[in-house]
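Q: Input structure: start_15.cif, which contains mmCIF, C-alpha atoms and all ligand atoms.
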```
data_protein
loop_
_atom_site.label_atom_id
_atom_site.label_comp_id
_atom_site.auth_asym_id
_atom_site.auth_seq_id
_atom_site.Cartn_x
_atom_site.Cartn_y
_atom_site.Cartn_z
CA MET A 1 9.97 22.87 -5.61
CA SER A 2 10.89 21.39 -8.96
CA MET A 3 10.29 17.77 -9.86
CA SER A 4 14.03 17.25 -9.64
CA LEU A 5 13.99 18.20 -5.95
CA ILE A 6 11.08 15.87 -5.18
CA GLN A 7 13.05 13.27 -7.09
CA ALA A 8 16.28 14.01 -5.23
CA LEU A 9 14.99 13.97 -1.64
CA PRO A 10 15.23 10.55 0.04
CA LYS A 11 11.72 9.31 0.78
CA ALA A 12 9.91 6.40 2.41
CA GLU A 13 6.83 4.72 0.94
CA LEU A 14 4.45 3.07 3.41
CA HIS A 15 1.35 2.13 1.43
CA LEU A 16 2.14 0.05 -1.64
CA HIS A 17 0.56 -3.22 -2.75
CA ILE A 18 3.12 -5.27 -4.63
CA GLU A 19 0.36 -6.84 -6.74
CA GLY A 20 -0.58 -3.29 -7.73
CA THR A 21 2.85 -2.70 -9.24
CA LEU A 22 2.34 -5.32 -11.97
CA THR A 23 3.04 -3.30 -15.11
CA PRO A 24 0.99 -3.90 -18.26
CA SER A 25 4.10 -5.06 -20.12
CA ARG A 26 5.05 -7.52 -17.38
CA MET A 27 1.45 -8.78 -17.34
CA MET A 28 1.55 -9.38 -21.10
CA ALA A 29 4.92 -11.14 -20.89
CA LEU A 30 3.80 -13.45 -18.07
CA ALA A 31 0.50 -14.23 -19.81
CA LYS A 32 2.50 -15.29 -22.86
CA LYS A 33 4.90 -17.36 -20.74
CA HIS A 34 2.03 -19.28 -19.13
CA ASN A 35 -0.26 -19.41 -22.15
CA ILE A 36 -2.94 -17.40 -20.40
CA SER A 37 -5.35 -15.53 -22.64
CA LEU A 38 -5.93 -11.96 -21.44
CA PRO A 39 -8.92 -9.82 -22.40
CA TYR A 40 -6.37 -7.38 -23.88
CA VAL A 41 -4.36 -7.50 -27.11
CA THR A 42 -2.21 -4.38 -26.81
CA LEU A 43 -0.74 -2.32 -23.99
CA GLU A 44 -3.16 0.42 -25.00
CA ASP A 45 -6.08 -1.98 -24.41
CA ILE A 46 -4.85 -2.41 -20.84
CA GLN A 47 -4.52 1.34 -20.27
CA ALA A 48 -8.00 1.84 -21.71
CA ALA A 49 -9.47 -0.79 -19.35
CA TYR A 50 -8.05 0.97 -16.26
CA GLN A 51 -11.00 3.32 -15.78
CA PHE A 52 -12.65 2.66 -12.44
CA ASP A 53 -15.93 3.68 -10.84
CA ASP A 54 -15.04 2.68 -7.31
CA LEU A 55 -12.86 0.37 -5.21
CA GLN A 56 -14.66 -2.83 -6.29
CA SER A 57 -14.33 -2.14 -10.02
CA PHE A 58 -10.58 -1.71 -9.47
CA LEU A 59 -10.28 -4.83 -7.31
CA ASN A 60 -11.87 -6.94 -10.05
CA LEU A 61 -9.08 -6.04 -12.51
CA TYR A 62 -6.38 -6.17 -9.83
CA TYR A 63 -7.26 -9.78 -8.89
CA GLN A 64 -7.59 -10.72 -12.56
CA GLY A 65 -4.16 -9.22 -13.31
CA ALA A 66 -2.52 -11.12 -10.45
CA ASP A 67 -3.53 -14.42 -12.08
CA VAL A 68 -0.50 -14.22 -14.40
CA LEU A 69 1.77 -14.66 -11.35
CA ARG A 70 2.35 -18.40 -11.13
CA GLU A 71 5.98 -19.27 -10.41
CA GLU A 72 8.66 -18.11 -7.99
CA GLU A 73 10.48 -16.31 -10.80
CA ASP A 74 7.31 -14.30 -11.60
CA PHE A 75 7.17 -13.00 -8.03
CA PHE A 76 10.88 -12.21 -8.15
CA GLN A 77 10.32 -10.14 -11.32
CA LEU A 78 7.29 -8.38 -9.86
CA MET A 79 9.24 -7.33 -6.77
CA TRP A 80 12.40 -6.53 -8.73
CA ASP A 81 10.54 -4.22 -11.12
CA TYR A 82 9.24 -2.20 -8.16
CA LEU A 83 12.55 -2.12 -6.29
CA LEU A 84 14.23 -0.70 -9.42
CA VAL A 85 11.62 2.08 -9.32
CA CYS A 86 12.55 2.71 -5.68
CA LYS A 87 16.18 3.16 -6.72
CA GLU A 88 15.12 5.45 -9.56
CA GLU A 89 12.78 7.57 -7.40
CA ASN A 90 15.03 7.72 -4.33
CA ILE A 91 12.58 5.74 -2.18
CA VAL A 92 15.25 4.67 0.27
CA HIS A 93 12.85 2.77 2.52
CA THR A 94 9.63 0.99 1.53
CA GLU A 95 7.05 -1.01 3.48
CA ILE A 96 5.46 -3.32 0.95
CA MET A 97 2.07 -5.01 1.33
CA PHE A 98 1.37 -8.37 -0.22
CA ASP A 99 -1.95 -10.25 -0.36
CA PRO A 100 -1.25 -13.97 0.25
CA GLN A 101 -4.88 -14.97 -0.33
CA THR A 102 -4.86 -13.52 -3.85
CA HIS A 103 -2.36 -16.29 -4.59
CA THR A 104 -3.22 -19.13 -2.18
CA ASN A 105 -6.83 -19.02 -3.45
CA ARG A 106 -5.45 -19.94 -6.90
CA GLY A 107 -3.24 -22.73 -5.57
CA VAL A 108 -0.06 -20.64 -5.46
CA GLY A 109 1.48 -21.08 -2.02
CA PHE A 110 3.76 -19.21 0.36
CA ASP A 111 6.60 -21.49 -0.79
CA VAL A 112 6.25 -19.98 -4.29
CA PHE A 113 5.78 -16.23 -3.68
CA MET A 114 7.84 -15.72 -0.52
CA PRO A 115 11.15 -17.00 -1.94
CA GLY A 116 10.56 -14.90 -5.06
CA PHE A 117 9.87 -11.73 -3.05
CA LEU A 118 12.74 -12.35 -0.64
CA SER A 119 15.39 -13.00 -3.27
CA ALA A 120 14.55 -9.70 -5.02
CA ILE A 121 14.57 -7.86 -1.68
CA ARG A 122 17.95 -9.34 -0.74
CA LYS A 123 19.45 -8.56 -4.13
CA ALA A 124 18.35 -4.90 -3.88
CA LYS A 125 19.73 -4.72 -0.35
CA ARG A 126 23.08 -6.10 -1.54
CA GLU A 127 23.31 -4.02 -4.71
CA TRP A 128 22.32 -0.55 -3.45
CA GLY A 129 21.37 -0.90 0.21
CA GLN A 130 17.60 -0.79 -0.42
CA SER A 131 15.70 -0.85 2.88
CA THR A 132 12.39 -2.76 2.88
CA LYS A 133 9.85 -4.28 5.24
CA LEU A 134 6.94 -6.57 4.36
CA ILE A 135 3.33 -6.21 5.49
CA MET A 136 1.06 -9.24 5.05
CA SER A 137 -2.49 -8.11 4.32
CA PHE A 138 -5.65 -10.11 4.90
CA LEU A 139 -8.52 -9.76 2.44
CA ARG A 140 -11.40 -8.34 4.49
CA ASP A 141 -14.14 -9.65 2.19
CA LEU A 142 -13.06 -13.19 3.19
CA THR A 143 -13.68 -14.68 6.64
CA GLU A 144 -11.63 -14.32 9.81
CA ALA A 145 -11.11 -18.12 9.74
CA GLN A 146 -9.40 -17.71 6.34
CA ALA A 147 -7.21 -14.95 7.79
CA PHE A 148 -6.22 -17.34 10.59
CA ASP A 149 -5.31 -19.98 7.96
CA THR A 150 -3.17 -17.37 6.21
CA LEU A 151 -1.41 -16.41 9.44
CA ASP A 152 -0.72 -20.11 10.11
CA ALA A 153 0.68 -20.62 6.61
CA SER A 154 2.98 -17.62 7.06
CA MET A 155 4.73 -19.10 10.13
CA PRO A 156 7.87 -20.28 8.29
CA TYR A 157 8.35 -16.70 7.04
CA LEU A 158 7.47 -14.77 10.19
CA ALA A 159 11.01 -13.44 10.63
CA ASP A 160 10.65 -11.60 7.32
CA ILE A 161 7.22 -10.10 8.04
CA GLU A 162 7.01 -6.84 9.99
CA ALA A 163 3.26 -6.34 10.26
CA VAL A 164 -0.18 -7.51 9.23
CA GLY A 165 -2.67 -5.35 7.34
CA LEU A 166 -6.26 -5.40 6.10
CA ASP A 167 -7.31 -4.56 2.56
CA SER A 168 -9.83 -5.29 -0.25
CA ALA A 169 -13.54 -4.38 -0.18
CA GLU A 170 -14.06 -2.11 2.81
CA LYS A 171 -17.79 -1.49 2.89
CA ALA A 172 -19.68 -3.99 5.07
CA ASN A 173 -16.37 -5.51 6.23
CA PRO A 174 -15.61 -3.57 9.43
CA PRO A 175 -12.33 -3.96 11.30
CA GLU A 176 -13.90 -5.78 14.27
CA LYS A 177 -14.51 -8.78 12.00
CA PHE A 178 -10.75 -9.43 12.36
CA ARG A 179 -10.29 -8.64 16.07
CA LYS A 180 -9.14 -12.12 17.07
CA VAL A 181 -6.67 -12.67 14.24
CA PHE A 182 -5.11 -9.25 14.83
CA ALA A 183 -4.77 -10.09 18.54
CA LYS A 184 -3.00 -13.32 17.56
CA ALA A 185 -0.71 -11.40 15.20
CA LYS A 186 0.13 -8.99 18.03
CA SER A 187 0.97 -11.90 20.33
CA LEU A 188 3.37 -13.16 17.64
CA GLY A 189 5.19 -9.82 17.71
CA LEU A 190 3.70 -8.46 14.48
CA LYS A 191 2.78 -4.80 14.14
CA ARG A 192 -0.66 -3.89 12.77
CA VAL A 193 -2.03 -1.54 10.10
CA ALA A 194 -5.43 -1.49 8.36
CA HIS A 195 -7.14 0.22 5.45
CA ALA A 196 -9.93 2.31 6.93
CA GLY A 197 -11.87 5.40 5.91
CA GLU A 198 -11.17 5.01 2.18
CA GLU A 199 -14.70 4.06 1.09
CA GLY A 200 -15.84 3.07 4.57
CA PRO A 201 -16.98 5.54 7.25
CA ALA A 202 -14.90 7.30 9.92
CA GLU A 203 -16.32 4.75 12.35
CA TYR A 204 -14.10 2.11 10.72
CA ILE A 205 -11.04 4.22 11.60
CA TRP A 206 -12.12 4.09 15.26
CA GLY A 207 -12.60 0.32 14.82
CA ALA A 208 -9.10 -0.14 13.43
CA ILE A 209 -7.62 1.82 16.35
CA ASN A 210 -9.72 0.39 19.18
CA GLU A 211 -10.36 -3.17 18.00
CA LEU A 212 -7.25 -3.96 15.95
CA ASN A 213 -4.70 -1.87 17.80
CA VAL A 214 -3.15 -0.50 14.62
CA ALA A 215 -0.03 1.69 14.56
CA ARG A 216 -1.29 3.58 11.52
CA ILE A 217 -4.26 3.87 9.17
CA ASP A 218 -4.07 3.22 5.42
CA HIS A 219 -5.98 5.99 3.61
CA GLY A 220 -8.07 7.41 6.49
CA VAL A 221 -9.19 10.42 4.45
CA ARG A 222 -12.78 10.12 5.67
CA ALA A 223 -11.53 11.06 9.16
CA THR A 224 -12.64 14.60 8.31
CA GLU A 225 -16.24 13.45 8.93
CA ASP A 226 -15.57 13.17 12.68
CA ASN A 227 -14.01 16.05 14.62
CA VAL A 228 -13.44 13.97 17.75
CA LEU A 229 -11.52 11.46 15.63
CA LEU A 230 -9.46 14.22 13.99
CA ARG A 231 -8.44 15.50 17.42
CA PHE A 232 -7.56 11.95 18.53
CA LEU A 233 -5.43 11.30 15.43
CA ARG A 234 -3.62 14.59 15.98
CA GLU A 235 -3.05 14.12 19.70
CA HIS A 236 -1.75 10.58 19.29
CA GLN A 237 0.01 11.32 16.00
CA ILE A 238 -1.48 8.18 14.45
CA PRO A 239 -0.23 8.32 10.86
CA LEU A 240 -2.46 8.21 7.79
CA THR A 241 -0.90 6.71 4.65
CA VAL A 242 -2.73 8.76 2.04
CA CYS A 243 -2.69 7.86 -1.67
CA PRO A 244 -3.70 10.90 -3.77
CA LEU A 245 -3.81 9.39 -7.28
CA SER A 246 -5.58 6.28 -5.99
CA ASN A 247 -8.26 8.41 -4.36
CA ILE A 248 -8.97 10.22 -7.62
CA LYS A 249 -8.98 7.04 -9.75
CA LEU A 250 -11.41 5.35 -7.35
CA ASN A 251 -13.62 8.44 -6.98
CA VAL A 252 -13.01 8.96 -3.28
CA PHE A 253 -12.63 12.61 -4.37
CA ASP A 254 -13.89 13.92 -7.72
CA LYS A 255 -10.77 15.89 -8.56
CA MET A 256 -7.30 16.37 -7.14
CA ASP A 257 -8.00 19.99 -6.26
CA GLN A 258 -10.67 18.71 -3.84
CA HIS A 259 -8.31 16.35 -2.01
CA ASN A 260 -8.06 16.95 1.76
CA ILE A 261 -4.45 15.83 2.30
CA LEU A 262 -3.07 19.33 2.83
CA SER A 263 -5.86 20.37 5.15
CA LEU A 264 -5.15 17.24 7.23
CA LEU A 265 -1.45 18.19 7.21
CA ASN A 266 -2.21 21.79 8.20
CA ASP A 267 -4.41 20.44 10.99
CA GLY A 268 -1.31 18.81 12.49
CA LEU A 269 -2.02 15.19 11.54
CA CYS A 270 0.86 12.90 10.59
CA VAL A 271 -0.12 12.36 6.95
CA THR A 272 2.11 10.73 4.33
CA VAL A 273 2.05 10.40 0.53
CA ASN A 274 1.99 6.98 -1.13
CA SER A 275 1.21 5.35 -4.48
CA ASP A 276 -1.01 2.37 -3.41
CA ASP A 277 -1.24 0.51 -6.77
CA PRO A 278 0.88 2.60 -9.16
CA SER A 279 0.39 0.44 -12.26
CA TYR A 280 -3.37 0.82 -12.01
CA PHE A 281 -3.59 4.43 -10.82
CA GLY A 282 -1.19 6.09 -13.22
CA GLY A 283 1.83 7.13 -11.18
CA TYR A 284 4.57 6.10 -8.82
CA LEU A 285 5.44 7.98 -5.64
CA ASN A 286 7.11 11.07 -7.12
CA GLN A 287 4.13 11.63 -9.41
CA ASN A 288 1.85 11.59 -6.36
CA TYR A 289 3.90 14.40 -4.77
CA LYS A 290 3.92 16.30 -8.02
CA GLU A 291 0.12 16.18 -8.22
CA LEU A 292 -0.06 17.97 -4.87
CA GLN A 293 2.08 20.79 -6.22
CA HIS A 294 0.12 21.11 -9.43
CA HIS A 295 -3.41 20.82 -8.11
CA LEU A 296 -3.16 21.91 -4.46
CA ASP A 297 -0.28 24.38 -4.65
CA ALA A 298 1.68 22.44 -2.04
CA THR A 299 4.57 24.55 -0.78
CA ASP A 300 8.16 23.38 -0.40
CA ASP A 301 7.66 23.31 3.39
CA GLN A 302 4.61 21.10 3.02
CA ILE A 303 6.42 18.70 0.69
CA VAL A 304 9.36 18.50 3.10
CA GLN A 305 7.02 17.87 6.05
CA LEU A 306 5.21 15.10 4.14
CA ILE A 307 8.56 13.47 3.36
CA LYS A 308 9.69 13.76 7.00
CA ASN A 309 6.39 12.19 8.04
CA SER A 310 7.08 9.23 5.75
CA PHE A 311 10.06 8.32 7.93
CA LEU A 312 8.40 9.26 11.24
CA ALA A 313 5.42 7.02 10.41
CA SER A 314 7.59 4.10 9.29
CA PHE A 315 8.47 0.98 11.26
CA LEU A 316 12.17 1.87 11.14
CA ALA A 317 14.01 1.87 14.49
CA PRO A 318 14.48 5.32 16.12
CA ASP A 319 18.17 5.53 15.14
CA GLU A 320 17.33 4.61 11.52
CA LYS A 321 14.62 7.31 11.41
CA GLU A 322 17.08 9.78 12.88
CA TYR A 323 19.51 9.08 10.05
CA TRP A 324 16.98 10.19 7.43
CA LEU A 325 15.40 13.08 9.33
N1 LIG B 401 -7.95 -0.45 -0.91
C1 LIG B 401 -8.38 -1.67 -0.59
N2 LIG B 401 -7.82 -2.78 -1.05
C2 LIG B 401 -6.78 -2.66 -1.87
C3 LIG B 401 -6.30 -1.42 -2.25
C4 LIG B 401 -6.91 -0.26 -1.72
O1 LIG B 401 -6.53 0.90 -1.97
N3 LIG B 401 -5.26 -1.66 -3.08
C5 LIG B 401 -5.13 -3.00 -3.19
N4 LIG B 401 -6.05 -3.61 -2.46
ZN ZN B 402 -4.13 0.23 -0.40
#
```
The structure given in the file should be rewritten as structure tokens.
A:
Amino acid sequence: MSMSLIQALPKAELHLHIEGTLTPSRMMALAKKHNISLPYVTLEDIQAAYQFDDLQSFLNLYYQGADVLREEEDFFQLMWDYLLVCKEENIVHTEIMFDPQTHTNRGVGFDVFMPGFLSAIRKAKREWGQSTKLIMSFLRDLTEAQAFDTLDASMPYLADIEAVGLDSAEKANPPEKFRKVFAKAKSLGLKRVAHAGEEGPAEYIWGAINELNVARIDHGVRATEDNVLLRFLREHQIPLTVCPLSNIKLNVFDKMDQHNILSLLNDGLCVTVNSDDPSYFGGYLNQNYKELQHHLDATDDQIVQLIKNSFLASFLAPDEKEYWL
């Protein structure tokens, strides 16, 4: 299948951190606007700095980058930049994660970032019918009490939040640490997702399912370490939102030709393709699909199945899914 066909097929994206879409040029412009000195002079300096050893080395730059986001307008621009990419790439539906604590920890509140996000989302909906949902992610290296504070602060915006998620440093921060706050989120009518089995063990995928009651797993590629888990994921069709370029950049796999996404697909699991943090990992959604063709010889049928899965695994209503399938 040519790039133009990947480009042309309507797709959904389900694993995307809005803070990870901050482009180097937008970062430079916002740093200038707010008189923030960056450790970079040129765009090339930024590109050169984006070489990561593991998840933590990425997170350090990701949190540092987010510091240029200070005012409502900045968050509007951040969201708008990404939604324009959705239009360009034919991502007709996107479920976007945001990390409130990355901002509230710096004194930037919900009343700053939420209106910025929502006005961009509404403008894209008006202008070309862009479909979006928001997923509020808790930082798992912080405490459950801080996650509860975040959930409380989100109350005025609950109608615009579809689900809660769990991200940041996975190792030594197992899902069960957040059991109570996820139960509270469920009681408020929020759906649940969690990063698990990216750097952490397969056991954390079980934890996300059994302790947090998640509808899908973000990443989940380490499921292959547990055959009982693989069977469970297949039987229950619990989706995995896999991010190929991210996994290579963060050394979850050494090279793309070693990635297990197609073997998971061939095993009958509901796997999807996503870009995670495209500005840091070197490609938006279509590039992630393209990598699978180039390095794993993905067939047209496999690409089409992955795209169908992106809608099946989404939080769209059954009739909305039906429209795209
Ligand atoms: N994993 C964990 N935390 C994150 C990621 C990720 O891939 N992206 C942004 N925060
Ligand atoms: Zn992620």
Q: Which residues, written as a ChimeraX atom specification, have at least one atom at most 12 Å from Phe58 in chain A, with all atoms listed in the file counted and residues fewer than 4 positions away on the same chain left out?
A: /A:20,49-54,62-65,168-169,246-247,249-251,277,279-281
Q: Counting only C-alpha atoms and all ligand atoms, which protein, DNA or RNA residues come within 8 Å of ligand LIG 401 (chain B), given as a compact mmCIF listing (two decimals) with C-alpha atoms, keeping the file's coordinate frame?
A:
```txt
# COMPACT_ATOMS: atom_id res chain seq x y z
CA LEU A 16 2.14 0.05 -1.64
CA HIS A 17 0.56 -3.22 -2.75
CA GLU A 19 0.36 -6.84 -6.74
CA GLY A 20 -0.58 -3.29 -7.73
CA LEU A 55 -12.86 0.37 -5.21
CA LEU A 59 -10.28 -4.83 -7.31
CA TYR A 62 -6.38 -6.17 -9.83
CA LEU A 139 -8.52 -9.76 2.44
CA LEU A 166 -6.26 -5.40 6.10
CA ASP A 167 -7.31 -4.56 2.56
CA SER A 168 -9.83 -5.29 -0.25
CA ALA A 169 -13.54 -4.38 -0.18
CA GLU A 170 -14.06 -2.11 2.81
CA HIS A 195 -7.14 0.22 5.45
CA GLU A 198 -11.17 5.01 2.18
CA HIS A 219 -5.98 5.99 3.61
CA CYS A 243 -2.69 7.86 -1.67
CA SER A 246 -5.58 6.28 -5.99
CA ASP A 276 -1.01 2.37 -3.41
CA ASP A 277 -1.24 0.51 -6.77
```
Q: Around (-4.8, 9.7, 17.6), as given in the file, which residues come within 10 Å? Count all atoms listed in the file and list them as an MDAnalysis selection string.
A: chainID A and resid 206 209 215:216 228:239 269:270
Q: Within 7 Å of Ser310 in chain A, counting only C-alpha atoms, which residues show up once you throw out same-chain ones fewer than 5 positions away? Write them as an mmCIF file with C-alpha atoms, keeping the file's coordinate frame, please.
A:
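Dumped everything to selection-v8.cif:
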```cif
data_model
loop_
_atom_site.group_PDB
_atom_site.id
_atom_site.type_symbol
_atom_site.label_atom_id
_atom_site.label_comp_id
_atom_site.auth_asym_id
_atom_site.auth_seq_id
_atom_site.Cartn_x
_atom_site.Cartn_y
_atom_site.Cartn_z
ATOM 1 C CA LYS A 11 11.720 9.310 0.780
ATOM 2 C CA ALA A 12 9.910 6.400 2.410
ATOM 3 C CA GLU A 13 6.830 4.720 0.940
ATOM 4 C CA THR A 272 2.110 10.730 4.330
#
```
Q: What's the 10 Å shell around Lys171 in chain A, counting only C-alpha atoms, without same-chain residues fewer than 2 positions away, as a list in words?
A: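 Listing them by chain and then by number gives Leu55, Gln56, Arg140, Asp141, Ser168, Ala169, Asn173, Pro174, Ala196, Gly197, Glu198, Glu199, Gly200, Pro201 and Tyr204 of chain A.
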Q: Which is closest to ligand ZN 402 (chain B) among A:Ser275, A:Gln130, A:Thr224, A:Ser187, if we use all atoms listed in the file?
A: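 Of A:Ser275, A:Gln130, A:Thr224, A:Ser187, the one nearest ligand ZN 402 (chain B) is A:Ser275, counting all atoms listed in the file.
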Q: Could you give me, as JSON, numbers by chain, the residues within 12 Å of Gln305 in chain A, counting all atoms listed in the file and dropping anything in the same chain fewer than 6 positions from it?
A: {"A": [9, 11, 262, 265, 266, 268, 269, 270, 271, 272, 273, 289, 298, 299, 311, 312, 313, 325]}
Q: Could you write those residues out with C-alpha atoms, as an mmCIF file, in the coordinates of the input?
A:
```cif
data_model
loop_
_atom_site.group_PDB
_atom_site.id
_atom_site.type_symbol
_atom_site.label_atom_id
_atom_site.label_comp_id
_atom_site.auth_asym_id
_atom_site.auth_seq_id
_atom_site.Cartn_x
_atom_site.Cartn_y
_atom_site.Cartn_z
ATOM 1 C CA LEU A 9 14.990 13.970 -1.640
ATOM 2 C CA LYS A 11 11.720 9.310 0.780
ATOM 3 C CA LEU A 262 -3.070 19.330 2.830
ATOM 4 C CA LEU A 265 -1.450 18.190 7.210
ATOM 5 C CA ASN A 266 -2.210 21.790 8.200
ATOM 6 C CA GLY A 268 -1.310 18.810 12.490
ATOM 7 C CA LEU A 269 -2.020 15.190 11.540
ATOM 8 C CA CYS A 270 0.860 12.900 10.590
ATOM 9 C CA VAL A 271 -0.120 12.360 6.950
ATOM 10 C CA THR A 272 2.110 10.730 4.330
ATOM 11 C CA VAL A 273 2.050 10.400 0.530
ATOM 12 C CA TYR A 289 3.900 14.400 -4.770
ATOM 13 C CA ALA A 298 1.680 22.440 -2.040
ATOM 14 C CA THR A 299 4.570 24.550 -0.780
ATOM 15 C CA PHE A 311 10.060 8.320 7.930
ATOM 16 C CA LEU A 312 8.400 9.260 11.240
ATOM 17 C CA ALA A 313 5.420 7.020 10.410
ATOM 18 C CA LEU A 325 15.400 13.080 9.330
#
```
Q: Between CA of Glu176 in chain A and CA of Val214 in chain A, what distance in Å does the model show, to one decimal?
A: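 If I compute the distance from CA of Glu176 in chain A to CA of Val214 in chain A, I get 12.0 Å.
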Q: I need the residue nearest Leu188 in chain A from this list: A:Glu144, A:Glu162, A:Glu95, A:Glu89. Use only C-alpha atoms for the distance.
A: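 Of A:Glu144, A:Glu162, A:Glu95, A:Glu89, the one nearest Leu188 in chain A, counting only C-alpha atoms, is A:Glu162.
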Q: Measure the distance from CA of Gly282 in chain A to CA of Ile46 in chain A in Å and round it to one decimal.
A: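 CA of Ile46 in chain A lies at a distance of 12.0 Å from CA of Gly282 in chain A.
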Q: Calculate how many Å separate CA of Ala8 in chain A from CA of Cys86 in chain A, rounding to one decimal.
A: 11.9 Å
Q: At a cut-off of 8 Å, using only C-alpha atoms, what residues contact range 83-85 of chain A? Leave out same-chain residues fewer than 3 positions from it and give the result as a ChimeraX atom specification.
A: /A:79-80,88-89,120-121,124,130
Q: Counting all atoms listed in the file, figure out which residue out of A:Thr143, A:Thr21, A:Asn260, A:Thr42 gets nearest to ligand ZN 402 (chain B).
A: A:Thr21
Q: Which residue out of A:Lys186, A:Lys177, A:Arg26, A:His15 has the minimum interatomic distance to ligand ZN 402 (chain B) when all atoms listed in the file are used?
A: A:His15
Q: Measuring between only C-alpha atoms, which one of A:Asp74, A:Leu316, A:His93, A:Gln293 shows the shortest distance to Lys191 in chain A?
A: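 Closest candidate: A:Leu316.
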